[in-house]
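Note: the block below is data13.cif and it holds mmCIF, C-alpha atoms.
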data_work
#
loop_
_atom_site.label_atom_id
_atom_site.label_comp_id
_atom_site.auth_asym_id
_atom_site.auth_seq_id
_atom_site.Cartn_x
_atom_site.Cartn_y
_atom_site.Cartn_z
CA MET R 1 -106.95 113.90 67.34
CA VAL R 2 -105.93 115.87 70.43
CA ILE R 3 -103.77 118.97 70.00
CA TRP R 4 -102.45 119.69 73.49
CA LEU R 5 -101.02 123.19 74.02
CA THR R 6 -98.77 123.31 77.09
CA GLY R 7 -96.88 126.29 78.46
CA LEU R 8 -96.78 128.91 81.17
CA SER R 9 -99.76 131.11 81.95
CA ALA R 10 -99.94 133.94 79.36
CA SER R 11 -97.60 132.14 76.93
CA GLY R 12 -100.28 132.20 74.21
CA LYS R 13 -101.96 128.78 74.53
CA THR R 14 -105.56 130.00 74.41
CA THR R 15 -104.89 132.53 71.65
CA ILE R 16 -103.31 129.87 69.46
CA GLY R 17 -106.03 127.37 70.41
CA LYS R 18 -108.84 129.71 69.36
CA ARG R 19 -107.20 130.39 66.01
CA LEU R 20 -106.61 126.68 65.42
CA GLU R 21 -110.25 125.98 66.19
CA VAL R 22 -111.42 128.55 63.62
CA GLY R 23 -108.91 127.35 61.03
CA LEU R 24 -109.85 123.68 61.34
CA GLU R 25 -113.58 124.45 61.30
CA ARG R 26 -113.09 126.36 58.02
CA PHE R 27 -111.93 123.07 56.52
CA GLY R 28 -115.11 121.40 57.75
CA TYR R 29 -113.76 119.60 60.83
CA LYS R 30 -115.67 119.40 64.10
CA THR R 31 -113.53 120.90 66.83
CA ILE R 32 -113.71 121.89 70.47
CA LEU R 33 -111.35 123.99 72.55
CA LEU R 34 -110.91 122.83 76.14
CA ASP R 35 -109.41 125.81 77.92
CA GLY R 36 -107.78 125.15 81.28
CA ASP R 37 -109.05 128.40 82.81
CA ASP R 38 -112.64 127.69 81.77
CA LEU R 39 -112.46 124.11 83.05
CA ARG R 40 -111.07 125.31 86.39
CA ASP R 41 -114.21 127.43 86.78
CA GLY R 42 -116.54 124.49 86.13
CA LEU R 43 -115.51 120.85 85.85
CA CYS R 44 -112.50 121.31 88.11
CA SER R 45 -113.76 124.04 90.45
CA ASP R 46 -113.30 121.75 93.44
CA LEU R 47 -109.53 121.61 92.88
CA GLY R 48 -106.79 123.88 94.17
CA PHE R 49 -103.18 124.24 93.07
CA SER R 50 -101.43 121.57 95.11
CA TYR R 51 -99.42 118.94 93.25
CA GLU R 52 -102.22 116.39 93.73
CA ASP R 53 -104.90 118.80 92.55
CA ARG R 54 -102.91 119.73 89.45
CA ILE R 55 -102.51 116.04 88.60
CA GLU R 56 -106.26 115.48 89.04
CA ASN R 57 -107.13 118.57 87.00
CA ILE R 58 -105.16 117.31 84.00
CA ARG R 59 -106.45 113.74 84.48
CA ARG R 60 -110.02 115.01 84.09
CA ILE R 61 -109.16 117.09 81.04
CA ARG R 62 -107.25 114.16 79.49
CA HIS R 63 -110.21 111.81 79.80
CA MET R 64 -112.64 114.35 78.41
CA ALA R 65 -110.30 115.00 75.48
CA LYS R 66 -109.98 111.27 74.76
CA MET R 67 -113.76 110.73 74.80
CA LEU R 68 -114.35 113.62 72.42
CA SER R 69 -111.52 112.54 70.12
CA ASP R 70 -112.89 109.00 70.03
CA ASN R 71 -116.07 110.58 68.61
CA ASN R 72 -114.20 112.21 65.70
CA ILE R 73 -113.98 115.66 67.21
CA ILE R 74 -110.64 117.42 66.95
CA VAL R 75 -109.87 118.45 70.50
CA ILE R 76 -107.63 121.42 71.22
CA VAL R 77 -106.54 121.60 74.85
CA ALA R 78 -104.99 124.80 76.20
CA ALA R 79 -103.77 123.92 79.70
CA ILE R 80 -100.50 124.63 81.49
CA THR R 81 -99.83 120.90 82.14
CA PRO R 82 -96.69 121.64 84.15
CA TYR R 83 -95.24 118.16 84.75
CA ASN R 84 -93.72 115.73 82.26
CA GLU R 85 -95.51 112.82 83.96
CA MET R 86 -98.84 114.40 82.97
CA ARG R 87 -97.79 114.63 79.35
CA LEU R 88 -96.53 111.05 79.38
CA ASP R 89 -99.93 109.99 80.73
CA ASN R 90 -101.53 111.91 77.84
CA ILE R 91 -99.46 109.95 75.34
CA GLU R 92 -100.30 106.67 77.06
CA LEU R 93 -104.06 107.27 77.04
CA ILE R 94 -104.49 109.11 73.74
CA GLY R 95 -101.82 107.32 71.72
CA ASN R 96 -101.01 108.22 68.12
CA LYS R 97 -103.77 110.84 67.96
CA TYR R 98 -101.85 113.04 70.44
CA ILE R 99 -99.98 116.16 69.31
CA GLU R 100 -98.03 118.00 71.99
CA VAL R 101 -97.37 121.68 71.32
CA HIS R 102 -94.99 123.49 73.64
CA VAL R 103 -96.04 127.15 73.66
CA ASP R 104 -92.75 128.65 74.78
CA ALA R 105 -92.30 132.11 76.27
CA SER R 106 -90.02 133.30 79.04
CA ILE R 107 -91.47 133.98 82.47
CA GLU R 108 -90.65 137.66 81.94
CA THR R 109 -92.65 137.73 78.70
CA CYS R 110 -95.57 135.97 80.39
CA ILE R 111 -95.58 138.43 83.29
CA GLU R 112 -95.64 141.33 80.78
CA ARG R 113 -98.63 139.74 78.97
CA ASP R 114 -100.53 138.87 82.16
CA TYR R 115 -103.76 140.81 81.60
CA LYS R 116 -105.55 138.63 84.19
CA GLY R 117 -103.14 139.62 86.96
CA LEU R 118 -102.46 136.00 87.90
CA TYR R 119 -98.73 136.50 88.48
CA SER R 120 -99.44 139.13 91.13
CA LYS R 121 -101.93 136.98 93.10
CA LYS R 122 -100.70 135.63 96.41
CA ASP R 123 -103.42 133.02 97.02
CA ILE R 124 -102.31 130.53 94.33
CA ARG R 125 -99.08 128.70 93.64
CA MET R 126 -98.11 130.18 90.29
CA THR R 127 -96.45 127.83 87.83
CA GLY R 128 -93.04 129.14 86.87
CA ILE R 129 -92.66 131.09 90.11
CA ASP R 130 -94.00 129.14 93.10
CA ASP R 131 -94.20 125.79 91.33
CA VAL R 132 -92.11 124.16 88.64
CA TYR R 133 -92.89 124.05 84.93
CA GLU R 134 -90.98 121.15 83.41
CA VAL R 135 -90.10 121.91 79.81
CA PRO R 136 -91.53 119.15 77.58
CA ILE R 137 -89.06 116.38 76.81
CA CYS R 138 -89.98 115.84 73.17
CA PRO R 139 -92.93 117.95 71.99
CA SER R 140 -94.31 117.43 68.50
CA ILE R 141 -93.95 121.17 67.89
CA THR R 142 -92.54 124.17 69.74
CA CYS R 143 -94.07 127.59 69.17
CA ASN R 144 -91.68 130.31 70.35
CA THR R 145 -94.31 132.96 71.00
CA TYR R 146 -91.77 135.49 72.21
CA VAL R 147 -90.43 135.74 68.63
CA GLU R 148 -93.18 134.23 66.44
CA SER R 149 -96.42 135.99 65.63
CA VAL R 150 -99.67 134.24 66.49
CA ASN R 151 -100.21 133.59 62.77
CA GLU R 152 -96.75 132.00 62.45
CA SER R 153 -97.41 129.73 65.44
CA VAL R 154 -100.84 128.72 64.15
CA ALA R 155 -99.45 128.04 60.67
CA LYS R 156 -96.71 125.86 62.17
CA VAL R 157 -99.28 123.73 64.02
CA MET R 158 -101.66 123.57 61.02
CA ASP R 159 -98.81 122.44 58.76
CA TYR R 160 -97.86 119.71 61.22
CA VAL R 161 -101.46 118.53 61.58
CA TYR R 162 -101.90 118.45 57.82
CA GLU R 163 -98.68 116.50 57.20
CA LYS R 164 -99.19 114.01 60.02
CA PHE R 165 -102.91 113.38 59.73
CA PHE R 166 -104.72 114.78 56.74
CA ALA R 167 -102.14 114.17 53.99
CA ARG R 168 -102.09 110.48 54.95
CA SER R 169 -105.85 110.01 55.21
CA PHE R 170 -105.60 109.39 58.93
CA TRP R 171 -109.38 109.48 59.45
#

Spit out the file's structure as structure tokens when you get a sec.
Amino acid sequence: MVIWLTGLSASGKTTIGKRLEVGLERFGYKTILLDGDDLRDGLCSDLGFSYEDRIENIRRIRHMAKMLSDNNIIVIVAAITPYNEMRLDNIELIGNKYIEVHVDASIETCIERDYKGLYSKKDIRMTGIDDVYEVPICPSITCNTYVESVNESVAKVMDYVYEKFFARSFW
């Protein structure tokens, strides 16, 4: 299974992802969190922020997530994934093991939460300001992190995962 958290920078993707990882591991599942920021520092350090580089960045993450999922690891991806075509490619490659979570927060909320100072940098094309973020067409779940607590968002995702996969003996 791949739980893909998409949203603007500072919307809460990584925070939710870390909590999901802990929660699923408590139930005995093997999990891994693939964080977009961490992967940009390593696996994707050769890429910039052009349209082509963003597509390649997500392509690499997608293939890694699929390989891990095929080995019975629950993969949680926290990556902006700004374009609908990327998310459609995720669905095509990963199939019925793909859960898309739109982590929704306004650009103003994200700027307020921006402890990394990314929105004030001038050397990158910031999604939501200098580059488009296309709102997901039909996410499995939407977490409205500007009104929901982290615990509420995590519970919403855990409930969905349980109903869709574990209650039906998916594995």

| query | Skipping near chain neighbours, those fewer than 5 positions away, what residues fall within 12 Å of Ile141 in chain R using only C-alpha atoms, listed as an MDAnalysis selection string? | reply | chainID R and resid 3:6 98:104 136 153:161 164

| request: For a cut-off of 10 Å around (-111.0, 108.1, 65.2), file coordinates, pick out all residues using all atoms listed in the file and list them as a PyMOL selection string. | output: chain R and resi 1+68-74+97+170-171

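Once the PyMOL selection byres ((chain R and resi 39-48) around 10) is applied to this file, the selection holds Leu34, Asp35, Gly36, Asp37, Asp38, Phe49, Ser50, Tyr51, Glu52, Asp53, Arg54, Ile55, Glu56, Asn57, Ile58, Arg60, Ile61, Ala79, Ile124 and Arg125 of chain R.
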
Take the selection from the previous step and output its residues with C-alpha atoms, as a PDB file, in the frame of the given file.
ATOM      1  CA  LEU R  34    -110.910 122.830  76.140  1.00  0.00           C
ATOM      2  CA  ASP R  35    -109.410 125.810  77.920  1.00  0.00           C
ATOM      3  CA  GLY R  36    -107.780 125.150  81.280  1.00  0.00           C
ATOM      4  CA  ASP R  37    -109.050 128.400  82.810  1.00  0.00           C
ATOM      5  CA  ASP R  38    -112.640 127.690  81.770  1.00  0.00           C
ATOM      6  CA  PHE R  49    -103.180 124.240  93.070  1.00  0.00           C
ATOM      7  CA  SER R  50    -101.430 121.570  95.110  1.00  0.00           C
ATOM      8  CA  TYR R  51     -99.420 118.940  93.250  1.00  0.00           C
ATOM      9  CA  GLU R  52    -102.220 116.390  93.730  1.00  0.00           C
ATOM     10  CA  ASP R  53    -104.900 118.800  92.550  1.00  0.00           C
ATOM     11  CA  ARG R  54    -102.910 119.730  89.450  1.00  0.00           C
ATOM     12  CA  ILE R  55    -102.510 116.040  88.600  1.00  0.00           C
ATOM     13  CA  GLU R  56    -106.260 115.480  89.040  1.00  0.00           C
ATOM     14  CA  ASN R  57    -107.130 118.570  87.000  1.00  0.00           C
ATOM     15  CA  ILE R  58    -105.160 117.310  84.000  1.00  0.00           C
ATOM     16  CA  ARG R  60    -110.020 115.010  84.090  1.00  0.00           C
ATOM     17  CA  ILE R  61    -109.160 117.090  81.040  1.00  0.00           C
ATOM     18  CA  ALA R  79    -103.770 123.920  79.700  1.00  0.00           C
ATOM     19  CA  ILE R 124    -102.310 130.530  94.330  1.00  0.00           C
ATOM     20  CA  ARG R 125     -99.080 128.700  93.640  1.00  0.00           C
TER      21      ARG R 125
END

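Interatomic distance, CA of Ile91 in chain R against CA of Tyr146 in chain R: 26.9 Å.
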
| field | Explicit residue set for the PyMOL selection byres ((chain R and resi 33) around 9), as number ranges by chain | value | R: 14, 17-18, 20-21, 31-32, 34-35, 74-78

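CA of Cys110 in chain R lies 14.9 Å from CA of Pro82 in chain R.
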
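Between CA of Asn84 in chain R and CA of Glu108 in chain R the separation is 22.1 Å.
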
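With only C-alpha atoms as the atoms that count, the minimum distance from Ser106 in chain R to the choices R:Gly28, R:Glu152, R:Val147, R:Arg19 is reached by R:Val147.
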
| task | Name every residue that the PyMOL selection byres ((chain R and resi 134) around 6) selects in this structure, writing the answer as a ChimeraX atom specification with chains first and numbers rising. | result | /R:82-83,133,135

Restricting the output to C-alpha atoms, write the selected residues as a compact mmCIF listing (two decimals), in the frame of the given file.
# COMPACT_ATOMS: atom_id res chain seq x y z
CA PRO R 82 -96.69 121.64 84.15
CA TYR R 83 -95.24 118.16 84.75
CA TYR R 133 -92.89 124.05 84.93
CA VAL R 135 -90.10 121.91 79.81

Atom completion result for range 32-45 of chain R (N, CA and C atoms) as a tab-separated table (two decimals), in the coordinates of the input:
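part_10.tsv was written with the following content:
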chain	number	residue	atom	x	y	z
R	32	ILE	N	-113.35	121.29	69.18
R	32	ILE	CA	-113.71	121.89	70.47
R	32	ILE	C	-112.42	122.32	71.14
R	33	LEU	N	-112.47	123.49	71.77
R	33	LEU	CA	-111.35	123.99	72.55
R	33	LEU	C	-111.66	123.78	74.02
R	34	LEU	N	-110.82	123.01	74.70
R	34	LEU	CA	-110.91	122.83	76.14
R	34	LEU	C	-109.86	123.73	76.78
R	35	ASP	N	-110.32	124.84	77.33
R	35	ASP	CA	-109.41	125.81	77.92
R	35	ASP	C	-109.28	125.56	79.42
R	36	GLY	N	-108.05	125.46	79.88
R	36	GLY	CA	-107.78	125.15	81.28
R	36	GLY	C	-108.43	126.12	82.25
R	37	ASP	N	-108.42	127.41	81.92
R	37	ASP	CA	-109.05	128.40	82.81
R	37	ASP	C	-110.55	128.17	82.90
R	38	ASP	N	-111.20	127.93	81.77
R	38	ASP	CA	-112.64	127.69	81.77
R	38	ASP	C	-112.99	126.41	82.55
R	39	LEU	N	-112.19	125.37	82.36
R	39	LEU	CA	-112.46	124.11	83.05
R	39	LEU	C	-112.23	124.24	84.55
R	40	ARG	N	-111.30	125.07	84.97
R	40	ARG	CA	-111.07	125.31	86.39
R	40	ARG	C	-112.27	125.98	87.04
R	41	ASP	N	-113.01	126.76	86.25
R	41	ASP	CA	-114.21	127.43	86.78
R	41	ASP	C	-115.41	126.49	86.88
R	42	GLY	N	-115.39	125.39	86.14
R	42	GLY	CA	-116.54	124.49	86.13
R	42	GLY	C	-116.18	123.09	86.57
R	43	LEU	N	-115.80	122.26	85.62
R	43	LEU	CA	-115.51	120.85	85.85
R	43	LEU	C	-114.51	120.61	86.99
R	44	CYS	N	-113.57	121.50	87.12
R	44	CYS	CA	-112.50	121.31	88.11
R	44	CYS	C	-112.52	122.36	89.21
R	45	SER	N	-113.67	122.96	89.46
R	45	SER	CA	-113.76	124.04	90.45
R	45	SER	C	-113.50	123.58	91.88
